[in-house]
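Q: Just entry15.txt, nothing more (compact mmCIF, C-alpha atoms):
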```txt
# COMPACT_ATOMS: atom_id res chain seq x y z
CA MET R 14 17.47 3.70 9.59
CA ILE R 15 14.59 5.95 10.63
CA PRO R 16 14.89 8.29 7.60
CA GLN R 17 14.87 5.25 5.33
CA LEU R 18 11.65 3.96 6.91
CA GLN R 19 10.00 7.35 6.66
CA SER R 20 10.76 7.55 2.94
CA MET R 21 9.19 4.14 2.28
CA ASN R 22 5.43 3.73 1.95
CA ASP R 23 5.26 0.10 0.90
CA GLU R 24 3.91 -2.23 3.60
CA LYS R 25 5.91 -5.12 2.19
CA VAL R 26 9.14 -3.22 2.82
CA TYR R 27 8.17 -2.63 6.45
CA HIS R 28 7.31 -6.29 6.87
CA SER R 29 10.57 -7.48 5.33
CA LEU R 30 12.64 -5.15 7.53
CA CYS R 31 10.81 -6.26 10.68
CA MET R 32 11.29 -9.91 9.81
CA LYS R 33 14.95 -9.29 9.03
CA ILE R 34 15.76 -7.93 12.51
CA GLY R 35 13.73 -10.70 14.16
CA ALA R 36 10.38 -10.74 15.93
CA LYS R 37 12.04 -11.11 19.33
CA ARG R 38 13.24 -7.51 19.11
CA TRP R 39 9.83 -5.89 18.65
CA ALA R 40 7.20 -8.46 19.71
CA ARG R 41 6.77 -9.28 23.39
CA ALA R 42 5.23 -12.66 22.55
CA PHE R 43 8.51 -13.84 21.00
CA SER R 44 10.93 -12.13 23.36
CA PRO R 45 13.34 -14.54 25.12
CA LEU R 46 13.16 -12.34 28.24
CA ARG R 47 10.09 -11.92 30.40
CA ARG R 48 8.60 -8.47 29.99
CA TYR R 49 5.43 -7.33 31.72
CA ARG R 50 3.25 -5.39 29.27
CA PHE R 51 5.40 -2.25 29.07
CA MET R 52 8.68 -1.94 27.16
CA THR R 53 9.51 1.67 28.04
CA SER R 54 11.84 3.63 30.30
CA ASN R 55 9.06 5.50 32.12
CA VAL R 56 10.38 4.47 35.55
CA ALA R 57 13.73 6.16 34.93
CA GLU R 58 12.02 9.21 33.44
CA SER R 59 9.76 9.53 36.49
CA LEU R 60 12.76 9.38 38.83
CA ASN R 61 14.58 12.02 36.80
CA SER R 62 11.52 14.26 37.06
CA ALA R 63 11.41 13.81 40.84
CA LEU R 64 15.11 14.76 41.12
CA ARG R 65 14.91 17.70 38.74
CA ASN R 66 15.11 20.39 41.43
CA ALA R 67 17.79 18.61 43.48
CA ARG R 68 20.30 17.93 40.72
CA LYS R 69 21.82 21.39 40.98
CA PHE R 70 23.03 20.78 44.56
CA PRO R 71 26.23 18.95 45.65
CA VAL R 72 26.41 15.18 45.49
CA SER R 73 25.99 14.68 49.23
CA THR R 74 22.86 16.81 49.24
CA VAL R 75 21.43 14.92 46.27
CA LEU R 76 22.04 11.58 48.00
CA GLU R 77 20.32 12.79 51.15
CA PHE R 78 17.39 14.03 49.06
CA ILE R 79 17.08 10.62 47.38
CA ARG R 80 17.18 8.87 50.75
CA GLY R 81 14.44 11.11 52.14
CA LEU R 82 12.35 10.65 49.02
CA ILE R 83 12.56 6.86 49.21
CA GLN R 84 11.79 6.99 52.92
CA LYS R 85 8.61 8.95 52.14
CA TRP R 86 7.58 6.58 49.35
CA PHE R 87 8.05 3.46 51.47
CA HIS R 88 6.02 4.91 54.33
CA GLU R 89 3.10 6.15 52.21
CA ARG R 90 2.87 3.08 49.98
CA GLY R 91 3.34 0.73 52.91
CA GLU R 92 0.32 2.24 54.66
CA LYS R 93 -1.70 2.07 51.45
CA ALA R 94 -0.78 -1.59 50.97
CA ALA R 95 -1.69 -2.40 54.58
CA GLU R 96 -5.18 -0.97 54.10
CA ARG R 97 -5.88 -3.06 50.99
CA THR R 98 -8.22 -6.02 51.58
CA GLU R 99 -8.39 -7.44 48.04
CA VAL R 100 -6.25 -10.41 47.06
CA LEU R 101 -4.67 -8.69 44.06
CA THR R 102 -3.17 -5.24 43.76
CA GLU R 103 -5.19 -2.31 42.49
CA HIS R 104 -3.75 -2.26 38.96
CA VAL R 105 -4.00 -6.03 38.47
CA THR R 106 -7.56 -6.06 39.81
CA LYS R 107 -8.61 -3.70 37.00
CA ILE R 108 -6.99 -6.01 34.44
CA MET R 109 -8.78 -9.05 35.83
CA MET R 110 -12.13 -7.26 35.85
CA SER R 111 -11.68 -6.43 32.18
CA ASN R 112 -10.79 -10.07 31.38
CA LYS R 113 -13.81 -11.32 33.32
CA ALA R 114 -16.17 -9.05 31.38
CA TYR R 115 -14.68 -10.29 28.09
CA ALA R 116 -14.93 -13.93 29.20
CA ASP R 117 -18.73 -13.72 29.59
CA PHE R 118 -19.16 -13.85 25.82
CA MET R 119 -17.14 -17.06 25.29
CA ALA R 120 -18.08 -20.74 25.22
CA VAL R 121 -15.95 -23.63 26.47
CA LYS R 122 -15.67 -27.32 25.62
CA ALA R 123 -13.73 -29.68 27.86
CA ILE R 124 -11.07 -31.94 26.35
CA SER R 125 -9.80 -33.38 29.64
CA SER R 126 -9.80 -32.41 33.28
CA TYR R 127 -7.23 -29.68 32.62
CA GLU R 128 -7.42 -29.07 28.84
CA PHE R 129 -10.18 -26.97 27.28
CA GLN R 130 -11.27 -25.59 23.93
CA VAL R 131 -12.55 -22.02 24.17
CA LEU R 132 -14.66 -20.48 21.40
CA ASP R 133 -13.91 -16.78 21.07
CA GLY R 134 -16.27 -15.69 18.31
CA THR R 135 -14.85 -17.13 15.10
CA ARG R 136 -11.57 -18.14 16.75
CA GLU R 137 -10.68 -21.17 18.81
CA ARG R 138 -8.22 -21.12 21.69
CA PHE R 139 -6.60 -24.03 23.51
CA VAL R 140 -6.10 -23.68 27.29
CA ASN R 141 -4.00 -25.97 29.46
CA LEU R 142 -4.55 -25.27 33.15
CA GLN R 143 -1.88 -27.72 34.26
CA ASP R 144 0.84 -25.93 32.29
CA ARG R 145 -0.87 -22.56 32.67
CA THR R 146 -0.72 -21.83 28.97
CA CYS R 147 -3.10 -20.51 26.33
CA SER R 148 -2.75 -20.38 22.55
CA CYS R 149 -3.15 -16.58 22.70
CA ARG R 150 0.09 -16.56 24.77
CA LYS R 151 -1.19 -13.95 27.25
CA PHE R 152 -1.60 -16.50 30.06
CA GLN R 153 2.06 -17.50 30.06
CA LEU R 154 3.43 -14.04 29.31
CA ASP R 155 1.49 -11.97 31.85
CA LEU R 156 1.36 -14.75 34.47
CA LEU R 157 -2.31 -13.82 34.85
CA PRO R 158 -5.34 -15.75 33.56
CA CYS R 159 -6.50 -14.33 30.25
CA ALA R 160 -10.16 -14.26 29.26
CA HIS R 161 -9.91 -17.74 27.71
CA ALA R 162 -8.28 -19.16 30.85
CA ILE R 163 -10.95 -17.57 33.06
CA VAL R 164 -13.69 -19.41 31.14
CA ALA R 165 -11.83 -22.70 31.58
CA ILE R 166 -11.19 -22.05 35.30
CA ARG R 167 -14.88 -21.32 35.85
CA TRP R 168 -15.90 -24.52 34.07
CA ALA R 169 -13.42 -26.55 36.13
CA GLY R 170 -14.73 -24.96 39.35
CA GLN R 171 -11.28 -23.93 40.58
CA GLU R 172 -10.08 -20.83 42.40
CA LEU R 173 -9.17 -18.01 40.01
CA TYR R 174 -6.56 -16.36 42.24
CA SER R 175 -4.56 -19.58 42.52
CA TYR R 176 -3.55 -19.14 38.87
CA CYS R 177 -2.22 -15.60 39.45
CA ALA R 178 1.48 -15.12 40.09
CA GLU R 179 2.57 -14.16 43.59
CA TYR R 180 4.03 -10.92 42.25
CA PHE R 181 0.57 -9.41 41.78
CA LYS R 182 -0.92 -10.22 45.18
CA SER R 183 -1.44 -7.67 47.93
CA GLU R 184 0.41 -9.81 50.49
CA ASN R 185 3.56 -9.63 48.40
CA LEU R 186 3.08 -5.87 48.08
CA ARG R 187 2.89 -5.52 51.88
CA GLN R 188 6.07 -7.52 52.31
CA LEU R 189 7.79 -5.35 49.71
CA TYR R 190 7.19 -2.15 51.67
CA SER R 191 7.70 -3.71 55.10
CA ALA R 192 11.31 -2.49 55.14
CA HIS R 193 12.13 0.89 56.66
CA ILE R 194 14.51 3.57 55.44
CA TYR R 195 16.38 5.27 58.30
CA PRO R 196 18.33 8.55 58.22
CA VAL R 197 22.11 8.39 58.18
CA GLY R 198 22.49 10.92 60.99
CA HIS R 199 25.04 13.68 61.42
CA PRO R 200 28.58 13.00 60.09
CA ASP R 201 30.03 13.58 63.56
CA ASP R 202 28.07 10.58 64.84
CA TRP R 203 29.31 8.18 62.16
CA GLN R 204 31.59 5.32 63.10
CA VAL R 205 34.08 5.39 60.26
CA PRO R 206 36.97 2.88 60.26
CA THR R 207 40.47 4.25 60.59
CA GLU R 208 41.63 2.98 57.20
CA ILE R 209 38.80 4.88 55.56
CA LYS R 210 39.60 8.11 57.39
CA SER R 211 43.24 7.93 56.36
CA GLN R 212 42.35 7.89 52.66
CA ASN R 213 42.60 11.20 50.82
CA VAL R 214 39.86 11.35 48.24
CA LEU R 215 40.50 13.84 45.43
CA PRO R 216 37.93 15.13 42.96
CA PRO R 217 37.97 13.55 39.51
CA LEU R 218 40.00 15.14 36.77
CA GLY R 219 37.82 16.60 34.06
CA PHE R 220 37.32 19.50 31.74
CA VAL R 221 34.74 22.06 32.78
CA SER R 222 33.24 23.88 29.83
CA ALA R 223 32.44 27.57 29.95
CA GLY R 224 28.95 28.79 30.67
CA HIS R 225 26.16 27.49 32.85
CA PRO R 226 25.97 23.70 33.29
CA GLN R 227 23.26 21.76 31.49
CA LYS R 228 20.28 21.20 33.81
CA THR R 229 17.78 19.63 31.44
CA ARG R 230 18.36 16.48 29.46
CA PHE R 231 18.69 16.52 25.70
CA PRO R 232 15.56 15.19 23.96
CA SER R 233 15.86 11.94 22.06
CA ALA R 234 15.55 11.70 18.29
CA GLY R 235 11.98 12.37 17.26
CA GLU R 236 10.93 13.50 20.74
CA LYS R 237 9.06 16.77 21.07
CA ARG R 238 9.72 18.82 24.16
CA ARG R 239 6.52 19.82 25.91
CA THR R 240 6.15 23.49 26.75
CA ARG R 241 4.02 24.65 29.63
CA ARG R 242 1.88 27.60 28.67
CA LYS R 243 1.02 30.14 31.33
CA GLN R 244 -2.68 30.25 32.14
CA GLN R 245 -4.38 33.32 30.74
CA VAL R 246 -5.84 35.70 33.35
CA CYS R 247 -8.16 38.61 32.62
CA TYR R 248 -6.79 42.04 33.56
CA ILE R 249 -10.27 43.38 34.44
CA CYS R 250 -11.99 40.65 36.50
CA LYS R 251 -8.81 38.71 37.46
CA LYS R 252 -10.38 35.40 36.35
CA ALA R 253 -8.75 32.73 34.20
CA GLY R 254 -9.95 31.51 30.80
CA HIS R 255 -10.23 34.79 28.88
CA ASN R 256 -8.51 38.13 28.33
CA ARG R 257 -9.67 41.70 28.83
CA LEU R 258 -11.05 41.98 25.29
CA LYS R 259 -13.41 39.04 25.84
CA CYS R 260 -14.30 39.77 29.44
CA PRO R 261 -18.06 39.14 30.04
CA ASN R 262 -18.23 41.69 32.88
CA GLU R 263 -19.66 45.12 32.13
CA ASN R 264 -17.01 47.76 31.69
CA VAL R 265 -17.16 51.46 32.58
CA ILE R 266 -17.66 52.23 28.89
CA GLY R 267 -21.25 52.99 28.00
CA LEU R 268 -22.53 54.03 31.45
CA SER R 269 -24.99 56.89 31.07
CA ASN R 270 -25.54 57.61 34.75
CA PRO R 271 -22.47 58.96 36.58
CA SER R 272 -23.74 57.46 39.83
CA ASP R 273 -23.20 54.00 38.36
CA MET R 274 -19.47 54.57 38.64
CA GLU R 275 -19.66 53.56 42.32
CA GLU R 276 -20.98 50.10 41.41
CA VAL R 277 -18.23 49.42 38.88
CA PRO R 278 -15.25 47.45 40.27
CA GLU R 279 -12.05 49.32 40.82
CA VAL R 280 -10.25 47.29 38.13
CA SER R 281 -12.67 48.48 35.41
CA ARG R 282 -11.93 52.20 35.91
CA GLY R 283 -9.22 53.86 33.95
CA ARG R 284 -8.46 53.66 30.27
CA ARG R 285 -11.45 52.76 28.12
CA ARG R 286 -10.99 49.60 26.09
CA ARG R 287 -12.86 47.71 23.44
CA THR R 288 -15.01 44.98 25.07
CA ASN R 289 -16.46 41.86 23.49
CA GLY R 290 -15.07 42.91 20.10
CA VAL R 291 -17.34 46.02 19.84
CA ARG R 292 -15.71 49.29 18.82
CA ARG R 293 -16.64 52.19 21.11
CA CYS R 294 -15.95 55.86 20.97
CA SER R 295 -13.24 56.97 23.39
CA SER R 296 -14.98 60.34 23.82
CA CYS R 297 -18.62 59.50 24.60
CA GLY R 298 -18.37 55.75 25.21
CA GLN R 299 -21.04 54.79 22.69
CA SER R 300 -20.66 52.14 20.01
CA GLY R 301 -20.91 52.53 16.25
CA HIS R 302 -18.36 55.29 15.70
CA THR R 303 -14.99 56.65 16.78
CA ARG R 304 -13.95 59.92 18.36
CA LEU R 305 -13.13 61.36 14.92
CA THR R 306 -16.76 60.99 13.76
CA CYS R 307 -18.35 61.67 17.15
CA GLN R 308 -21.22 64.22 17.05
CA ILE R 309 -21.11 64.97 20.78
CA PRO R 310 -18.57 67.69 21.65
CA ARG R 311 -15.97 66.85 24.23
CA MET R 312 -16.20 68.61 27.60
CA ASP R 313 -12.54 69.49 27.67
CA SER R 314 -12.80 71.23 24.28
CA LEU R 315 -15.78 73.32 25.51
CA GLU R 316 -13.84 74.41 28.57
CA ASP R 317 -10.93 75.45 26.37
CA ASP R 318 -13.28 77.55 24.22
CA ASN R 319 -14.74 79.31 27.27
CA ASN R 320 -11.33 80.05 28.71
CA PHE R 321 -9.96 81.29 25.40
CA SER R 322 -9.16 85.04 25.35
CA HIS R 323 -8.49 86.95 22.18
CA PRO R 324 -5.23 88.92 22.12
CA TRP R 325 -7.04 92.01 20.89
```
Could I get this file's structure written as structure tokens?

A:
Amino acid sequence: MIPQLQSMNDEKVYHSLCMKIGAKRWARAFSPLRRYRFMTSNVAESLNSALRNARKFPVSTVLEFIRGLIQKWFHERGEKAAERTEVLTEHVTKIMMSNKAYADFMAVKAISSYEFQVLDGTRERFVNLQDRTCSCRKFQLDLLPCAHAIVAIRWAGQELYSYCAEYFKSENLRQLYSAHIYPVGHPDDWQVPTEIKSQNVLPPLGFVSAGHPQKTRFPSAGEKRRTRRKQQVCYICKKAGHNRLKCPNENVIGLSNPSDMEEVPEVSRGRRRRTNGVRRCSSCGQSGHTRLTCQIPRMDSLEDDNNFSHPW
């Protein structure tokens, strides 16, 4: 199906295929099930990432790791929820602030005590506060007042938070994390019934393939696996962001005064290298030529000439 869609460039073909499978399968506004904004599996992916290092251990160890992880999450998020003073949760508060800012540019006309006509630029929306519905369908899908509903609620002089679902309130969040996760204790302290102890549990029958077991999941079709690149560190100054060829620090190359060698860091002594893309002579340290075209004689060659003795 995917290769067929990629080979088609006609918008009419895309539209006909989407209509053929039904809008309820790809549009949240027409879905028979209630979905809150996101239609992804990010929660499962996040849990798999948290258990990545523990999956290589035995099953009992993995279960204990999951229990300890949930115990930590409940404690930290319970304390964070207890400190919150706003009516709505943090994420929902940001959504409502965005809707309020958008509602400032709208006009409203009352039809009845609970029905309103909202002018959103060139569009008209119909809001029913009694049924908690809006013609844009966001009010009834998100269970939060949309920008059109906020304008109507303001005109009616009613409380805005009363039209928000209980799921998004901080009180419900505190009750959610009010439970505590306790450790299971040592196996010697467990009170196991006799009929459970008498059972002989055998490992499942299965075929174990050769080689190391698979630790990472297989990527889905069309998914690109992200690779983590190691941060580049300079060999000379030991700082990140550049290499030794582009190091901004002054190297030992080009120093005319031998006493300056004491001020040069220890990491810059040793083999002479090209710095900042400038070619330097490995004999005298000056730029503009190489050791093959250098006019200054090397000290080691002069010492060899002085120590040279003719055989006759």

Q: Write out as a list in words each polymer residue whose atoms come within 9 Å of R:Phe129, counting all atoms listed in the file; drop sequence neighbours fewer than 6 positions from it.

A: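 Here the answer would be Val121, Lys122, Ala123, Arg138, Phe139, Val140, Asn141, Leu142, Ala162 and Ala165 of chain R.
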
Q: What gap, in Å, lies between atom CA of R:Trp86 and atom CA of R:Trp203?

A: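 Rounded to one decimal, the two atoms are 25.3 Å apart.
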
Q: Calculate how many Å separate atom CA of R:Phe70 from atom CA of R:Ile83, rounding to one decimal.

A: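 Computing the Euclidean distance for atom CA of R:Phe70 and atom CA of R:Ile83 yields 18.0 Å.
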
Q: Determine the nearest neighbour of R:Phe43 from the options R:Val221, R:Leu154, R:Met109, R:Ala67, counting only C-alpha atoms.

A: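 Checking each of R:Val221, R:Leu154, R:Met109, R:Ala67 against R:Phe43, counting only C-alpha atoms, the winner is R:Leu154.
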
Q: Pick from R:Thr306, R:Val75, R:Lys113, R:Lys85: nearest to R:Tyr195, with all atoms listed in the file counted?

A: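 Between R:Thr306, R:Val75, R:Lys113, R:Lys85, the residue approaching R:Tyr195 most closely is R:Lys85.
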
Q: What is the atom CA of R:Phe118 to atom CA of R:Glu137 distance in Å?

A: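 Interatomic distance, atom CA of R:Phe118 to atom CA of R:Glu137: 13.2 Å.
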
Q: Given only C-alpha atoms as the basis, pick out the residue of R:Glu58, R:Ala94, R:Glu89, R:Ala160 nearest to R:Met110.

A: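 Result for the nearest residue to R:Met110: R:Ala160.
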
Q: Which residue out of R:His193, R:Lys251, R:Lys93, R:Arg38 has the minimum interatomic distance to R:Arg80 when all atoms listed in the file are used?

A: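 Ranked by minimum distance to R:Arg80, first place goes to R:His193.
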
Q: Name the closest residue to R:Arg47 among the candidates R:Glu172, R:Glu184, R:Asp155, R:Arg292; distances are taken between atoms, counting all atoms listed in the file.

A: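 Going through R:Glu172, R:Glu184, R:Asp155, R:Arg292 one by one, the smallest distance to R:Arg47 is for R:Asp155.
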
Q: From the list R:Ile209, R:Leu258, R:Ile124, R:Met119, which residue is nearest R:Arg136 when using all atoms listed in the file?

A: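 When distances to R:Arg136 are compared using all atoms listed in the file, the smallest one comes from R:Met119.
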